[in-house]
file input07.json (JSON, C-alpha atoms)
[["chain", "number", "residue", "atom", "x", "y", "z"],
["P", 1, "MET", "CA", 142.38, 419.51, 36.30],
["P", 2, "SER", "CA", 138.67, 419.44, 37.19],
["P", 3, "GLU", "CA", 136.04, 418.22, 34.75],
["P", 4, "LYS", "CA", 134.09, 420.86, 32.90],
["P", 5, "GLN", "CA", 130.70, 421.64, 34.47],
["P", 6, "THR", "CA", 128.70, 422.72, 31.39],
["P", 7, "TYR", "CA", 128.74, 421.78, 27.72],
["P", 8, "SER", "CA", 127.37, 423.14, 24.48],
["P", 9, "ILE", "CA", 125.40, 420.91, 22.13],
["P", 10, "SER", "CA", 128.29, 420.88, 19.64],
["P", 11, "GLU", "CA", 130.79, 419.86, 22.35],
["P", 12, "LEU", "CA", 128.63, 416.87, 23.32],
["P", 13, "ALA", "CA", 128.02, 415.97, 19.69],
["P", 14, "GLN", "CA", 131.75, 415.97, 19.01],
["P", 15, "GLU", "CA", 132.62, 414.03, 22.17],
["P", 16, "PHE", "CA", 130.07, 411.28, 21.49],
["P", 17, "ASP", "CA", 130.44, 411.37, 17.69],
["P", 18, "ILE", "CA", 126.77, 412.02, 17.05],
["P", 19, "THR", "CA", 124.88, 414.85, 15.39],
["P", 20, "THR", "CA", 123.42, 417.84, 17.18],
["P", 21, "ARG", "CA", 120.11, 416.76, 15.67],
["P", 22, "SER", "CA", 120.36, 413.45, 17.58],
["P", 23, "ILE", "CA", 120.95, 415.33, 20.82],
["P", 24, "ARG", "CA", 117.92, 417.55, 20.18],
["P", 25, "PHE", "CA", 115.88, 414.41, 19.44],
["P", 26, "TYR", "CA", 116.93, 412.86, 22.78],
["P", 27, "GLU", "CA", 115.91, 416.13, 24.42],
["P", 28, "ASP", "CA", 112.50, 415.97, 22.69],
["P", 29, "GLN", "CA", 112.13, 412.41, 24.02],
["P", 30, "GLY", "CA", 112.65, 413.66, 27.58],
["P", 31, "LEU", "CA", 116.05, 412.03, 28.05],
["P", 32, "LEU", "CA", 118.00, 415.28, 28.38],
["P", 33, "ARG", "CA", 116.97, 418.50, 30.10],
["P", 34, "PRO", "CA", 119.40, 421.27, 29.24],
["P", 35, "LYS", "CA", 119.09, 424.73, 30.69],
["P", 36, "ARG", "CA", 118.56, 427.58, 28.24],
["P", 37, "ARG", "CA", 120.39, 430.86, 27.90],
["P", 38, "GLY", "CA", 118.39, 432.61, 25.21],
["P", 39, "GLN", "CA", 118.37, 430.19, 22.27],
["P", 40, "THR", "CA", 121.50, 428.40, 23.52],
["P", 41, "ARG", "CA", 121.22, 425.03, 25.24],
["P", 42, "ILE", "CA", 123.50, 424.56, 28.25],
["P", 43, "TYR", "CA", 124.07, 420.91, 29.21],
["P", 44, "ASP", "CA", 125.39, 419.94, 32.63],
["P", 45, "LYS", "CA", 127.25, 416.86, 33.91],
["P", 46, "GLN", "CA", 123.97, 415.01, 34.49],
["P", 47, "ASP", "CA", 122.94, 415.58, 30.86],
["P", 48, "LYS", "CA", 126.33, 414.30, 29.74],
["P", 49, "VAL", "CA", 125.95, 411.14, 31.85],
["P", 50, "ARG", "CA", 122.38, 410.63, 30.61],
["P", 51, "LEU", "CA", 123.54, 410.99, 27.00],
["P", 52, "LYS", "CA", 126.28, 408.44, 27.59],
["P", 53, "LEU", "CA", 123.80, 406.02, 29.19],
["P", 54, "THR", "CA", 121.27, 406.58, 26.40],
["P", 55, "LEU", "CA", 123.84, 405.72, 23.75],
["P", 56, "ARG", "CA", 125.02, 402.68, 25.71],
["P", 57, "GLY", "CA", 121.42, 401.54, 26.12],
["P", 58, "LYS", "CA", 120.85, 401.86, 22.37],
["P", 59, "ARG", "CA", 123.90, 399.65, 21.70],
["P", 60, "LEU", "CA", 122.47, 397.08, 24.12],
["P", 61, "GLY", "CA", 119.10, 397.11, 22.36],
["P", 62, "PHE", "CA", 117.12, 399.22, 24.82],
["P", 63, "SER", "CA", 114.44, 401.45, 23.36],
["P", 64, "LEU", "CA", 114.47, 405.14, 24.19],
["P", 65, "ALA", "CA", 111.20, 404.61, 26.10],
["P", 66, "GLU", "CA", 112.87, 401.96, 28.27],
["P", 67, "THR", "CA", 115.82, 404.26, 28.92],
["P", 68, "ARG", "CA", 113.50, 407.14, 29.81],
["P", 69, "ARG", "CA", 111.60, 404.83, 32.18],
["P", 70, "LEU", "CA", 114.85, 404.01, 33.99],
["P", 71, "PHE", "CA", 115.78, 407.70, 34.22],
["P", 72, "ASP", "CA", 112.31, 408.56, 35.56],
["P", 73, "MET", "CA", 112.57, 405.84, 38.21],
["P", 74, "TYR", "CA", 116.00, 407.05, 39.25],
["P", 75, "ASP", "CA", 114.73, 410.62, 39.50],
["P", 76, "ALA", "CA", 111.86, 409.43, 41.74],
["P", 77, "ASP", "CA", 113.95, 407.02, 43.87],
["P", 78, "ARG", "CA", 117.56, 408.10, 44.28],
["P", 79, "THR", "CA", 118.41, 404.88, 46.15],
["P", 80, "SER", "CA", 118.11, 403.29, 42.71],
["P", 81, "GLU", "CA", 116.92, 399.92, 44.09],
["P", 82, "THR", "CA", 113.79, 400.12, 41.95],
["P", 83, "GLN", "CA", 115.83, 401.21, 38.96],
["P", 84, "LEU", "CA", 118.29, 398.33, 39.39],
["P", 85, "ASN", "CA", 115.52, 395.74, 39.74],
["P", 86, "THR", "CA", 113.83, 397.11, 36.62],
["P", 87, "MET", "CA", 117.16, 397.06, 34.81],
["P", 88, "LEU", "CA", 117.64, 393.40, 35.73],
["P", 89, "THR", "CA", 114.16, 392.62, 34.38],
["P", 90, "LEU", "CA", 114.87, 394.50, 31.16],
["P", 91, "ILE", "CA", 118.20, 392.71, 30.74],
["P", 92, "GLU", "CA", 116.50, 389.33, 31.07],
["P", 93, "GLU", "CA", 113.84, 390.35, 28.55],
["P", 94, "LYS", "CA", 116.51, 391.54, 26.09],
["P", 95, "ARG", "CA", 118.45, 388.32, 26.59],
["P", 96, "GLY", "CA", 115.33, 386.31, 25.71],
["P", 97, "VAL", "CA", 114.71, 388.39, 22.59],
["P", 98, "LEU", "CA", 118.34, 388.00, 21.50],
["P", 99, "ARG", "CA", 118.24, 384.23, 22.06],
["P", 100, "GLN", "CA", 115.13, 384.01, 19.87],
["P", 101, "GLN", "CA", 116.76, 386.16, 17.20],
["P", 102, "LEU", "CA", 119.87, 383.96, 17.31],
["P", 103, "GLU", "CA", 117.73, 380.84, 16.90],
["P", 104, "ASP", "CA", 115.89, 382.48, 13.99],
["P", 105, "ILE", "CA", 119.20, 383.44, 12.36],
["P", 106, "ASN", "CA", 120.55, 379.90, 12.72],
["P", 107, "VAL", "CA", 117.41, 378.45, 11.09],
["P", 108, "LEU", "CA", 117.67, 381.00, 8.28],
["P", 109, "LEU", "CA", 121.35, 380.16, 7.73],
["P", 110, "MET", "CA", 120.46, 376.46, 7.44],
["P", 111, "GLU", "CA", 117.69, 377.29, 4.94],
["P", 112, "LEU", "CA", 120.07, 379.46, 2.91],
["P", 113, "GLY", "CA", 122.63, 376.64, 2.88],
["P", 114, "ALA", "CA", 120.03, 374.18, 1.61],
["P", 115, "ALA", "CA", 118.85, 376.66, -1.06],
["P", 116, "GLU", "CA", 122.44, 377.26, -2.13],
["P", 117, "LYS", "CA", 123.04, 373.50, -2.45],
["P", 118, "ARG", "CA", 119.88, 373.09, -4.57],
["P", 119, "CYS", "CA", 120.95, 375.96, -6.83],
["P", 120, "GLN", "CA", 124.43, 374.47, -7.28],
["P", 121, "GLN", "CA", 122.91, 371.10, -8.15],
["P", 122, "ALA", "CA", 120.50, 372.70, -10.62],
["P", 123, "LEU", "CA", 123.35, 374.67, -12.19],
["P", 124, "GLU", "CA", 125.37, 371.48, -12.64],
["P", 125, "LYS", "CA", 122.36, 369.82, -14.26],
["P", 126, "VAL", "CA", 121.90, 372.79, -16.62],
["P", 127, "LYS", "CA", 125.59, 372.60, -17.58],
["P", 128, "ASP", "CA", 125.38, 368.83, -18.11],
["P", 129, "ASP", "CA", 122.21, 369.16, -20.21],
["P", 130, "SER", "CA", 123.70, 371.89, -22.42],
["P", 131, "VAL", "CA", 126.66, 369.70, -23.52],
["P", 132, "PRO", "CA", 125.79, 367.31, -26.43],
["P", 133, "HIS", "CA", 125.92, 363.64, -25.50],
["P", 134, "GLY", "CA", 129.32, 362.14, -26.04],
["P", 135, "ALA", "CA", 131.05, 365.52, -26.05],
["P", 136, "THR", "CA", 132.70, 367.38, -23.22],
["P", 137, "ALA", "CA", 132.32, 371.05, -22.57],
["P", 138, "SER", "CA", 135.87, 371.70, -23.84],
["P", 139, "THR", "CA", 135.42, 369.82, -27.16],
["P", 140, "THR", "CA", 132.15, 371.63, -27.77],
["P", 141, "ALA", "CA", 133.87, 374.96, -27.17],
["P", 142, "ASP", "CA", 136.74, 373.92, -29.50],
["P", 143, "SER", "CA", 134.37, 372.98, -32.32],
["P", 144, "THR", "CA", 132.60, 376.33, -32.19],
["P", 145, "VAL", "CA", 135.91, 378.12, -32.56],
["P", 146, "ASP", "CA", 136.78, 376.07, -35.69],
["P", 147, "ASN", "CA", 133.53, 376.98, -37.49]]
call {"tool": "encode", "arguments": {"input": "input07.json", "output": "structure tokens"}}
result
Amino acid sequence: MSEKQTYSISELAQEFDITTRSIRFYEDQGLLRPKRRGQTRIYDKQDKVRLKLTLRGKRLGFSLAETRRLFDMYDADRTSETQLNTMLTLIEEKRGVLRQQLEDINVLLMELGAAEKRCQQALEKVKDDSVPHGATASTTADSTVDN
């Protein structure tokens, strides 16, 4: 069975589990170029591939502008050498950003751990200070019940 040649906006939305509004937004951003039949958008195989690549790029942290730049380069140079070199540069840039974010997250986790430890220590001190000297928390609780 051969693959379908054209798609409606709702077919693509269903296949990629996104809204038709998202598809129209990607069209407004210049990532998709459907043909029109009256008010109806007709998407071809290239639009389907571009939508798939756009969504994959989003998952990898690429902005829509970066994705559009890659599409524009491919459209201008079908050998895709320029596109591939640019993609390699973008990947390295993303990797650097992710490494920095990971380092920032690790520092934040250490700071949260230290704050948590200080809070636990302060809570223990509050509990210790609230119990009368010479009494334990359980005997204090027992005496309040007897009154």
call {"tool": "residues_around", "arguments": {"input": "input07.json", "residues": "region 48-63 of chain P", "least_positions_apart": "5", "cutoff": "9 Å", "atoms": "only C-alpha atoms", "output": "list of chain:residue names"}}
result
P:Thr6, P:Tyr7, P:Leu12, P:Phe16, P:Ile23, P:Tyr26, P:Leu31, P:Leu32, P:Tyr43, P:Arg68, P:Phe71, P:Leu90, P:Ile91, P:Lys94
call {"tool": "atom_distance", "arguments": {"input": "input07.json", "atom1": "CA of Ile42 (chain P)", "atom2": "CA of Asp17 (chain P)"}}
result
18.3 Å
call {"tool": "atom_distance", "arguments": {"input": "input07.json", "atom1": "CA of Ala13 (chain P)", "atom2": "CA of Leu70 (chain P)"}}
result
22.8 Å
call {"tool": "residues_around", "arguments": {"input": "input07.json", "residues": "Met73 (chain P)", "least_positions_apart": "4", "cutoff": "9 Å", "atoms": "only C-alpha atoms", "output": "PDB file with C-alpha atoms, keeping the file's coordinate frame"}}
result
ATOM      1  CA  ARG P  68     113.500 407.140  29.810  1.00  0.00           C
ATOM      2  CA  ARG P  69     111.600 404.830  32.180  1.00  0.00           C
ATOM      3  CA  ASP P  77     113.950 407.020  43.870  1.00  0.00           C
ATOM      4  CA  ARG P  78     117.560 408.100  44.280  1.00  0.00           C
ATOM      5  CA  SER P  80     118.110 403.290  42.710  1.00  0.00           C
ATOM      6  CA  THR P  82     113.790 400.120  41.950  1.00  0.00           C
ATOM      7  CA  GLN P  83     115.830 401.210  38.960  1.00  0.00           C
ATOM      8  CA  THR P  86     113.830 397.110  36.620  1.00  0.00           C
TER       9      THR P  86
END
call {"tool": "closest_residue", "arguments": {"input": "input07.json", "among": "P:Leu123, P:Asp129, P:Glu103, P:Asp44", "to": "Glu11 (chain P)", "atoms": "only C-alpha atoms"}}
result
P:Asp44
call {"tool": "atom_distance", "arguments": {"input": "input07.json", "atom1": "CA of Glu27 (chain P)", "atom2": "CA of Ser10 (chain P)"}}
result
14.1 Å
